[in-house]
file entry-v4.txt (compact mmCIF, C-alpha atoms)
# COMPACT_ATOMS: atom_id res chain seq x y z
CA MET F 961 -20.37 -1.73 12.06
CA ASP F 962 -20.32 1.21 14.53
CA GLU F 963 -20.78 4.84 13.48
CA GLN F 964 -17.08 5.69 13.86
CA THR F 965 -16.00 2.84 11.57
CA THR F 966 -18.70 3.69 9.01
CA LEU F 967 -17.55 7.30 8.84
CA LEU F 968 -13.87 6.30 8.66
CA GLU F 969 -14.57 3.87 5.82
CA GLN F 970 -16.41 6.63 3.91
CA ILE F 971 -13.29 8.81 4.23
CA MET F 972 -11.13 5.87 3.13
CA ALA F 973 -13.30 5.37 0.05
CA TYR F 974 -13.06 9.05 -1.00
CA ASP F 975 -9.32 9.16 -0.25
CA PHE F 976 -8.78 6.05 -2.34
CA ALA F 977 -10.72 7.59 -5.24
CA LEU F 978 -8.58 10.72 -4.86
CA TYR F 979 -5.33 8.75 -4.94
CA ASP F 980 -6.40 6.74 -7.98
CA LEU F 981 -7.35 9.96 -9.78
CA GLN F 982 -4.03 11.52 -8.74
CA LEU F 983 -2.13 8.70 -10.48
CA PHE F 984 -4.36 9.05 -13.55
CA LEU F 985 -3.89 12.82 -13.68
CA ASN F 986 -0.10 12.42 -13.46
CA THR F 987 -0.13 10.90 -16.96
CA HIS F 988 -3.28 12.78 -18.19
CA PRO F 989 -2.78 16.28 -16.75
CA SER F 990 -5.20 17.90 -19.23
CA ASP F 991 -8.16 15.56 -18.58
CA THR F 992 -10.87 17.96 -17.45
CA ASN F 993 -13.31 15.18 -16.41
CA ALA F 994 -10.75 13.64 -14.06
CA LEU F 995 -9.89 17.06 -12.69
CA ARG F 996 -13.58 17.74 -11.99
CA ASP F 997 -13.98 14.34 -10.26
CA TYR F 998 -10.88 15.07 -8.18
CA LYS F 999 -12.34 18.39 -7.02
CA MET F 1000 -15.67 16.74 -6.07
CA ALA F 1001 -14.04 13.89 -4.13
CA LEU F 1002 -11.69 16.33 -2.38
CA GLU F 1003 -14.61 18.39 -1.08
CA GLN F 1004 -16.40 15.25 0.17
CA SER F 1005 -13.27 13.90 1.85
CA GLU F 1006 -12.47 17.18 3.59
CA ASN F 1007 -16.03 17.55 4.79
CA LEU F 1008 -16.19 13.99 6.21
CA ARG F 1009 -12.71 14.39 7.71
CA ARG F 1010 -13.84 17.50 9.62
CA GLN F 1011 -16.86 15.57 10.97
CA TYR F 1012 -14.75 12.55 11.94
CA GLN F 1013 -11.99 14.48 13.69
CA SER F 1014 -14.35 16.65 15.73
CA LYS F 1015 -16.17 13.51 16.96
CA TYR F 1016 -13.43 10.89 17.28
CA GLY F 1017 -10.09 12.71 17.36
CA PRO F 1018 -7.13 13.23 15.05
CA LEU F 1019 -6.51 11.42 11.76
CA THR F 1020 -3.31 13.45 11.40
CA ALA F 1021 -1.10 14.94 14.14
CA ARG F 1022 -1.86 18.40 12.72
CA TYR F 1023 -5.48 18.24 13.86
CA LEU F 1024 -5.39 19.89 17.27
CA PRO F 1025 -8.65 19.56 19.21
CA ASN F 1026 -9.42 22.09 21.92
CA THR F 1027 -8.25 19.93 24.84
CA THR F 1028 -5.34 19.97 27.30
CA CYS F 1029 -4.25 16.45 26.39
CA TRP F 1030 -2.36 15.27 23.26
CA GLN F 1031 -4.87 12.94 21.56
CA TRP F 1032 -2.77 11.74 18.61
CA ILE F 1033 -1.45 8.72 20.58
CA ASN F 1034 -4.93 7.37 21.35
CA ASP F 1035 -6.03 3.94 20.10
CA PRO F 1036 -7.07 2.57 17.72
CA TRP F 1037 -4.08 2.55 15.38
CA PRO F 1038 -4.86 1.23 11.88
CA TRP F 1039 -3.32 -2.21 12.45
CA ASN F 1040 -5.35 -2.86 15.60
CA ASN F 1041 -8.43 -4.98 15.05
CA LYS F 1042 -11.20 -3.43 17.11
CA GLU F 1043 -13.72 -6.17 16.43
CA VAL F 1044 -11.62 -9.06 17.77
CA MET E 1227 8.59 14.32 2.96
CA TRP E 1228 5.58 12.46 4.22
CA PHE E 1229 2.77 12.90 6.76
CA TYR E 1230 1.01 9.97 8.39
CA ASP E 1231 -2.75 9.47 8.04
CA LYS E 1232 -4.15 7.25 10.79
CA LYS E 1233 -5.88 4.70 8.53
CA THR E 1234 -5.05 1.91 6.11
CA GLN E 1235 -5.67 2.50 2.39
CA TYR E 1236 -8.31 -0.26 2.38
CA PRO E 1237 -10.15 -1.77 5.40
CA ILE E 1238 -8.58 -4.84 7.04
CA LYS E 1239 -10.56 -6.61 9.75
CA ILE E 1240 -9.50 -10.24 10.01
CA LYS E 1241 -11.54 -12.09 12.63
CA LYS E 1242 -10.01 -15.58 12.29
CA PRO E 1243 -6.27 -16.09 12.92
CA ASP E 1244 -4.49 -18.22 10.32
CA PRO E 1245 -0.72 -18.37 10.97
CA ARG E 1246 0.06 -20.38 7.82
CA MET E 1247 -1.68 -17.74 5.68
CA ALA E 1248 0.23 -15.05 7.63
CA ILE E 1249 3.57 -16.62 6.64
CA ALA E 1250 2.40 -17.00 3.02
CA ILE E 1251 1.40 -13.31 2.86
CA LEU E 1252 4.68 -12.28 4.57
CA THR E 1253 6.48 -12.52 1.22
CA GLN E 1254 4.58 -9.42 0.09
CA TYR E 1255 6.13 -7.60 3.08
CA GLY E 1256 9.82 -8.40 2.62
CA GLY E 1257 10.04 -10.79 -0.35
CA PRO E 1258 11.39 -10.27 -3.90
CA ASN E 1259 8.05 -9.09 -5.36
CA GLY E 1260 6.82 -7.45 -2.16
CA GLU E 1261 5.64 -3.97 -1.32
CA LEU E 1262 8.88 -2.87 0.42
CA ALA E 1263 10.90 -3.72 -2.70
CA ALA E 1264 8.33 -1.92 -4.86
CA SER E 1265 8.36 1.22 -2.74
CA LEU E 1266 12.17 1.45 -2.52
CA ARG E 1267 12.50 0.73 -6.24
CA TYR E 1268 10.23 3.58 -7.35
CA LEU E 1269 11.27 6.08 -4.67
CA SER E 1270 14.95 5.52 -5.61
CA GLN E 1271 14.38 5.58 -9.38
CA ARG E 1272 12.37 8.83 -9.25
CA PHE E 1273 15.55 10.90 -8.77
CA SER E 1274 16.69 10.17 -12.33
CA MET E 1275 13.31 10.50 -14.07
CA PRO E 1276 13.47 13.03 -16.94
CA THR E 1277 9.87 14.32 -17.35
CA LYS E 1278 7.38 15.88 -14.93
CA GLU E 1279 4.87 13.08 -15.57
CA ALA E 1280 7.49 10.41 -14.79
CA LYS E 1281 8.70 12.16 -11.62
CA ALA E 1282 5.15 12.42 -10.30
CA THR E 1283 4.26 8.84 -11.25
CA LEU E 1284 7.32 7.26 -9.58
CA ASN E 1285 6.94 9.50 -6.52
CA ASP E 1286 3.25 8.76 -6.05
CA ILE E 1287 3.25 5.03 -6.85
CA GLY E 1288 6.29 4.64 -4.54
CA THR E 1289 4.26 6.37 -1.86
CA GLU E 1290 1.19 4.18 -2.44
CA GLU E 1291 3.40 1.09 -2.08
CA LEU E 1292 4.26 2.22 1.46
CA ALA E 1293 0.53 2.19 2.21
CA HIS E 1294 0.39 -1.34 0.75
CA LEU E 1295 3.34 -2.37 2.95
CA GLU E 1296 1.27 -1.20 5.92
CA MET E 1297 -1.75 -3.22 4.70
CA ILE E 1298 0.35 -6.38 4.35
CA GLY E 1299 1.94 -5.84 7.79
CA THR E 1300 -1.54 -5.37 9.26
CA MET E 1301 -2.75 -8.63 7.66
CA VAL E 1302 0.28 -10.59 8.92
CA HIS E 1303 -0.16 -9.12 12.41
CA GLN E 1304 -3.90 -9.86 12.60
CA LEU E 1305 -3.45 -13.41 11.25
CA MET E 1306 -0.72 -14.20 13.85
CA ASP E 1307 -1.93 -12.17 16.83
CA LYS E 1308 -2.33 -14.12 20.09
CA VAL E 1309 -2.05 -17.59 18.47
CA PRO E 1310 -0.59 -19.92 21.17
CA PRO E 1311 2.98 -21.22 20.48
CA LYS E 1312 1.80 -24.85 20.58
CA GLU E 1313 -0.71 -24.07 17.84
CA LEU E 1314 2.08 -22.49 15.74
CA GLU E 1315 4.12 -25.65 16.20
CA LYS E 1316 1.23 -27.85 15.03
CA LEU E 1317 0.85 -25.67 11.92
CA HIS E 1318 4.59 -25.89 11.20
CA VAL E 1319 5.20 -22.15 11.50
CA ASP E 1320 7.22 -22.57 14.72
CA THR E 1321 10.58 -22.00 12.98
CA ASN E 1322 9.45 -18.45 12.22
CA TYR E 1323 8.12 -18.10 15.81
CA VAL E 1324 11.41 -19.05 17.51
CA ILE E 1325 13.26 -16.34 15.57
CA HIS E 1326 10.81 -13.42 15.64
CA GLY E 1327 7.97 -14.44 17.95
CA ARG E 1328 4.76 -13.17 16.38
CA ALA E 1329 6.38 -9.93 15.18
CA VAL E 1330 6.24 -8.66 11.60
CA TYR E 1331 9.76 -8.93 10.11
CA PRO E 1332 10.65 -8.04 6.49
CA SER E 1333 11.47 -11.44 5.00
CA ASP E 1334 9.94 -13.71 2.40
CA SER E 1335 7.76 -16.71 3.36
CA ASN E 1336 10.86 -18.89 3.75
CA GLY E 1337 12.41 -16.47 6.25
CA VAL E 1338 14.98 -15.03 3.79
CA PRO E 1339 15.54 -11.43 4.96
CA PHE E 1340 14.76 -8.49 2.71
CA THR E 1341 17.63 -7.36 0.50
CA ALA E 1342 18.06 -4.37 -1.82
CA ALA E 1343 19.41 -6.89 -4.35
CA TYR E 1344 15.71 -7.41 -5.26
CA ILE E 1345 15.63 -3.99 -6.93
CA GLU E 1346 17.56 -1.97 -9.48
CA SER E 1347 17.90 1.77 -9.94
CA MET E 1348 19.68 2.99 -13.07
CA GLU E 1349 20.12 6.44 -14.57
CA ASP E 1350 18.41 5.19 -17.74
CA PRO E 1351 14.63 5.81 -17.36
CA ILE E 1352 13.68 3.36 -20.14
CA ALA E 1353 15.49 0.54 -18.32
CA ASN E 1354 13.88 1.56 -15.00
CA LEU E 1355 10.34 1.76 -16.38
CA ASN E 1356 10.64 -1.63 -18.07
CA GLU E 1357 11.75 -3.10 -14.74
CA ASP E 1358 8.75 -1.41 -13.10
CA LEU E 1359 6.29 -2.93 -15.59
CA ALA E 1360 7.75 -6.39 -14.92
CA ALA E 1361 7.69 -5.80 -11.15
CA GLU E 1362 3.97 -4.96 -11.23
CA GLU E 1363 3.20 -8.15 -13.16
CA LYS E 1364 5.29 -10.26 -10.75
CA ALA E 1365 3.46 -8.74 -7.80
CA ARG E 1366 0.12 -9.34 -9.58
CA ALA E 1367 1.06 -13.01 -10.11
CA THR E 1368 2.05 -13.33 -6.42
CA TYR E 1369 -1.36 -11.98 -5.39
CA ASP E 1370 -2.99 -14.52 -7.75
CA TYR E 1371 -1.09 -17.33 -5.95
CA LEU E 1372 -2.04 -15.96 -2.52
CA ILE E 1373 -5.73 -15.63 -3.48
CA SER E 1374 -5.69 -19.21 -4.83
CA ILE E 1375 -4.64 -20.61 -1.43
CA ALA E 1376 -6.82 -18.31 0.75
CA ASP E 1377 -10.34 -19.26 1.90
CA ASP E 1378 -11.35 -16.48 4.32
CA PRO E 1379 -13.25 -13.57 2.66
CA ASP E 1380 -11.65 -11.18 5.22
CA VAL E 1381 -8.27 -12.17 3.72
CA ILE E 1382 -9.28 -12.52 0.06
CA ASP E 1383 -10.96 -9.10 -0.09
CA PRO E 1384 -7.86 -6.94 0.69
CA LEU E 1385 -5.68 -9.28 -1.43
CA ARG E 1386 -7.99 -8.64 -4.39
CA PHE E 1387 -7.73 -4.90 -3.79
CA LEU E 1388 -3.92 -5.12 -3.79
CA ARG E 1389 -3.94 -7.29 -6.93
CA GLU E 1390 -6.07 -4.71 -8.72
CA ARG E 1391 -3.65 -1.92 -7.76
CA GLU E 1392 -0.82 -3.81 -9.46
CA VAL E 1393 -2.90 -3.79 -12.67
CA VAL E 1394 -3.54 -0.04 -12.37
CA HIS E 1395 0.13 0.70 -11.66
CA TYR E 1396 1.14 -1.36 -14.72
CA GLN E 1397 -1.18 0.81 -16.79
CA ARG E 1398 0.26 4.07 -15.40
CA PHE E 1399 3.87 2.89 -15.90
CA GLY E 1400 3.03 1.98 -19.51
CA GLU E 1401 1.71 5.50 -20.13
CA THR E 1402 4.78 6.95 -18.42
CA LEU E 1403 7.11 4.86 -20.61
CA ARG E 1404 5.32 6.16 -23.73
CA ILE E 1405 5.64 9.78 -22.53
CA VAL E 1406 9.35 9.36 -21.68
CA ARG E 1407 10.06 7.72 -25.06
CA GLU E 1408 8.30 10.57 -26.91
CA THR E 1409 10.18 13.23 -24.94
CA MET E 1410 13.54 11.53 -25.40
CA GLY E 1411 12.77 10.99 -29.09
CA LYS E 1412 12.29 14.74 -29.54
CA LYS E 1413 15.68 15.34 -27.93
CA LYS E 1414 17.12 12.79 -30.41
CA TYR E 1415 18.42 10.45 -27.71
CA TYR E 1416 17.51 7.64 -30.08

call {"tool": "encode", "arguments": {"input": "entry-v4.txt", "output": "structure tokens"}}
result
Amino acid sequence: MDEQTTLLEQIMAYDFALYDLQLFLNTHPSDTNALRDYKMALEQSENLRRQYQSKYGPLTARYLPNTTCWQWINDPWPWNNKEV
Amino acid sequence: MWFYDKKTQYPIKIKKPDPRMAIAILTQYGGPNGELAASLRYLSQRFSMPTKEAKATLNDIGTEELAHLEMIGTMVHQLMDKVPPKELEKLHVDTNYVIHGRAVYPSDSNGVPFTAAYIESMEDPIANLNEDLAAEEKARATYDYLISIADDPDVIDPLRFLREREVVHYQRFGETLRIVRETMGKKKYY
């Protein structure tokens, strides 16, 4: 697996943990352990996201790199299989 | 509103095309127990949810189902991509091919188009949440069937992830139903 895919899959793992915790917190809003885990995963995800976007371009259209060309449209899109 | 994140919720990298498996999985795109039905069901029902926990749960599970719809679409696309028409004919998936080509269209595995008749949305939150619990179990059972006919680990792995999410959603809906019942009980609805 290349470095870009490895980094993206790390972000995906943290973002999945965040979403699962979000659903849990919706029905357990006073659970301090879950809240602490959410905060930890959020910091990790944001940190990795910054690294990824500065190296490989936008994950969201709101990330605007310092270039003259709109990079949001660049491949790969998530449904494209790079390894085939 | 929503913003798009340029990634799937779980990695999908299918190396070996399998058009028959693509058509089997298609039912989770536009079939009765599929992800489109799930998403529309919860995102429509959320408007009449009475408690803050229930509003958040329906909103956020409805949103996650859209990410699952994208995963299923990605699987169907990768399993069908670039397979020659003659090969599709040999595998008996040519009836789907002559209607849609190799596109992803919201139907079940028999080609029956998606319909909103698969879902209900009522003002009564107890009725809605009981439907949602059943819907999660029906989707879980569908993933069990799909896993039982799949043999490629690249296909089984994301299907297992999706199956597990149905189990988690069932759990969250159960907690939501309990919270809604308690709240409505206090208001002496019944």

call {"tool": "interface_residues", "arguments": {"input": "entry-v4.txt", "of": "chain E", "to": "chain F", "cutoff": "10 Å", "atoms": "only C-alpha atoms", "output": "compact mmCIF listing (two decimals) with C-alpha atoms, in the coordinates of the input"}}
result
# COMPACT_ATOMS: atom_id res chain seq x y z
CA PHE E 1229 2.77 12.90 6.76
CA TYR E 1230 1.01 9.97 8.39
CA ASP E 1231 -2.75 9.47 8.04
CA LYS E 1232 -4.15 7.25 10.79
CA LYS E 1233 -5.88 4.70 8.53
CA THR E 1234 -5.05 1.91 6.11
CA GLN E 1235 -5.67 2.50 2.39
CA TYR E 1236 -8.31 -0.26 2.38
CA PRO E 1237 -10.15 -1.77 5.40
CA ILE E 1238 -8.58 -4.84 7.04
CA LYS E 1239 -10.56 -6.61 9.75
CA ILE E 1240 -9.50 -10.24 10.01
CA LYS E 1241 -11.54 -12.09 12.63
CA LYS E 1242 -10.01 -15.58 12.29
CA LYS E 1278 7.38 15.88 -14.93
CA GLU E 1279 4.87 13.08 -15.57
CA ALA E 1280 7.49 10.41 -14.79
CA LYS E 1281 8.70 12.16 -11.62
CA ALA E 1282 5.15 12.42 -10.30
CA THR E 1283 4.26 8.84 -11.25
CA LEU E 1284 7.32 7.26 -9.58
CA ASN E 1285 6.94 9.50 -6.52
CA ASP E 1286 3.25 8.76 -6.05
CA ILE E 1287 3.25 5.03 -6.85
CA GLU E 1290 1.19 4.18 -2.44
CA GLU E 1296 1.27 -1.20 5.92
CA MET E 1297 -1.75 -3.22 4.70
CA ILE E 1298 0.35 -6.38 4.35
CA GLY E 1299 1.94 -5.84 7.79
CA THR E 1300 -1.54 -5.37 9.26
CA MET E 1301 -2.75 -8.63 7.66
CA VAL E 1302 0.28 -10.59 8.92
CA HIS E 1303 -0.16 -9.12 12.41
CA GLN E 1304 -3.90 -9.86 12.60
CA ASP E 1307 -1.93 -12.17 16.83
CA ARG E 1391 -3.65 -1.92 -7.76
CA VAL E 1394 -3.54 -0.04 -12.37
CA HIS E 1395 0.13 0.70 -11.66
CA GLN E 1397 -1.18 0.81 -16.79
CA ARG E 1398 0.26 4.07 -15.40
CA PHE E 1399 3.87 2.89 -15.90
CA GLY E 1400 3.03 1.98 -19.51
CA GLU E 1401 1.71 5.50 -20.13
CA THR E 1402 4.78 6.95 -18.42
CA ARG E 1404 5.32 6.16 -23.73
CA ILE E 1405 5.64 9.78 -22.53

call {"tool": "closest_residue", "arguments": {"input": "entry-v4.txt", "among": "E:Ala1264, E:Phe1273, E:Gly1337, E:Gly1257", "to": "Ile1325 of chain E", "atoms": "only C-alpha atoms"}}
result
E:Gly1337

call {"tool": "atom_distance", "arguments": {"input": "entry-v4.txt", "atom1": "atom CA of Leu1359 of chain E", "atom2": "atom CA of Tyr1268 of chain E"}}
result
11.2 Å

call {"tool": "atom_distance", "arguments": {"input": "entry-v4.txt", "atom1": "atom CA of Met1000 of chain F", "atom2": "atom CA of Trp1228 of chain E"}}
result
24.0 Å

call {"tool": "atom_distance", "arguments": {"input": "entry-v4.txt", "atom1": "atom CA of Ala1365 of chain E", "atom2": "atom CA of Gly1288 of chain E"}}
result
14.1 Å

call {"tool": "residues_around", "arguments": {"input": "entry-v4.txt", "residues": "Val1338 of chain E", "least_positions_apart": "6", "cutoff": "12 Å", "atoms": "all atoms listed in the file", "output": "PDB file with C-alpha atoms, keeping the file's coordinate frame"}}
result
ATOM      1  CA  ILE E1249       3.570 -16.620   6.640  1.00  0.00           C
ATOM      2  CA  LEU E1252       4.680 -12.280   4.570  1.00  0.00           C
ATOM      3  CA  THR E1253       6.480 -12.520   1.220  1.00  0.00           C
ATOM      4  CA  TYR E1255       6.130  -7.600   3.080  1.00  0.00           C
ATOM      5  CA  GLY E1256       9.820  -8.400   2.620  1.00  0.00           C
ATOM      6  CA  GLY E1257      10.040 -10.790  -0.350  1.00  0.00           C
ATOM      7  CA  PRO E1258      11.390 -10.270  -3.900  1.00  0.00           C
ATOM      8  CA  ASN E1322       9.450 -18.450  12.220  1.00  0.00           C
ATOM      9  CA  ILE E1325      13.260 -16.340  15.570  1.00  0.00           C
ATOM     10  CA  TYR E1331       9.760  -8.930  10.110  1.00  0.00           C
ATOM     11  CA  PRO E1332      10.650  -8.040   6.490  1.00  0.00           C
ATOM     12  CA  TYR E1344      15.710  -7.410  -5.260  1.00  0.00           C
TER      13      TYR E1344
END

call {"tool": "residues_near_point", "arguments": {"input": "entry-v4.txt", "point": "(-13.9, 9.6, -10.2)", "cutoff": "7 Å", "atoms": "only C-alpha atoms", "output": "PyMOL selection string"}}
result
chain F and resi 977+981+994+997-998

call {"tool": "closest_residue", "arguments": {"input": "entry-v4.txt", "among": "F:Tyr1016, F:Arg996, F:Ser1005, F:Tyr1023", "to": "Asp1035 of chain F", "atoms": "all atoms listed in the file"}}
result
F:Tyr1016

call {"tool": "closest_residue", "arguments": {"input": "entry-v4.txt", "among": "E:Arg1272, E:Arg1407, E:Arg1246, E:Arg1267", "to": "Glu1291 of chain E", "atoms": "all atoms listed in the file"}}
result
E:Arg1267
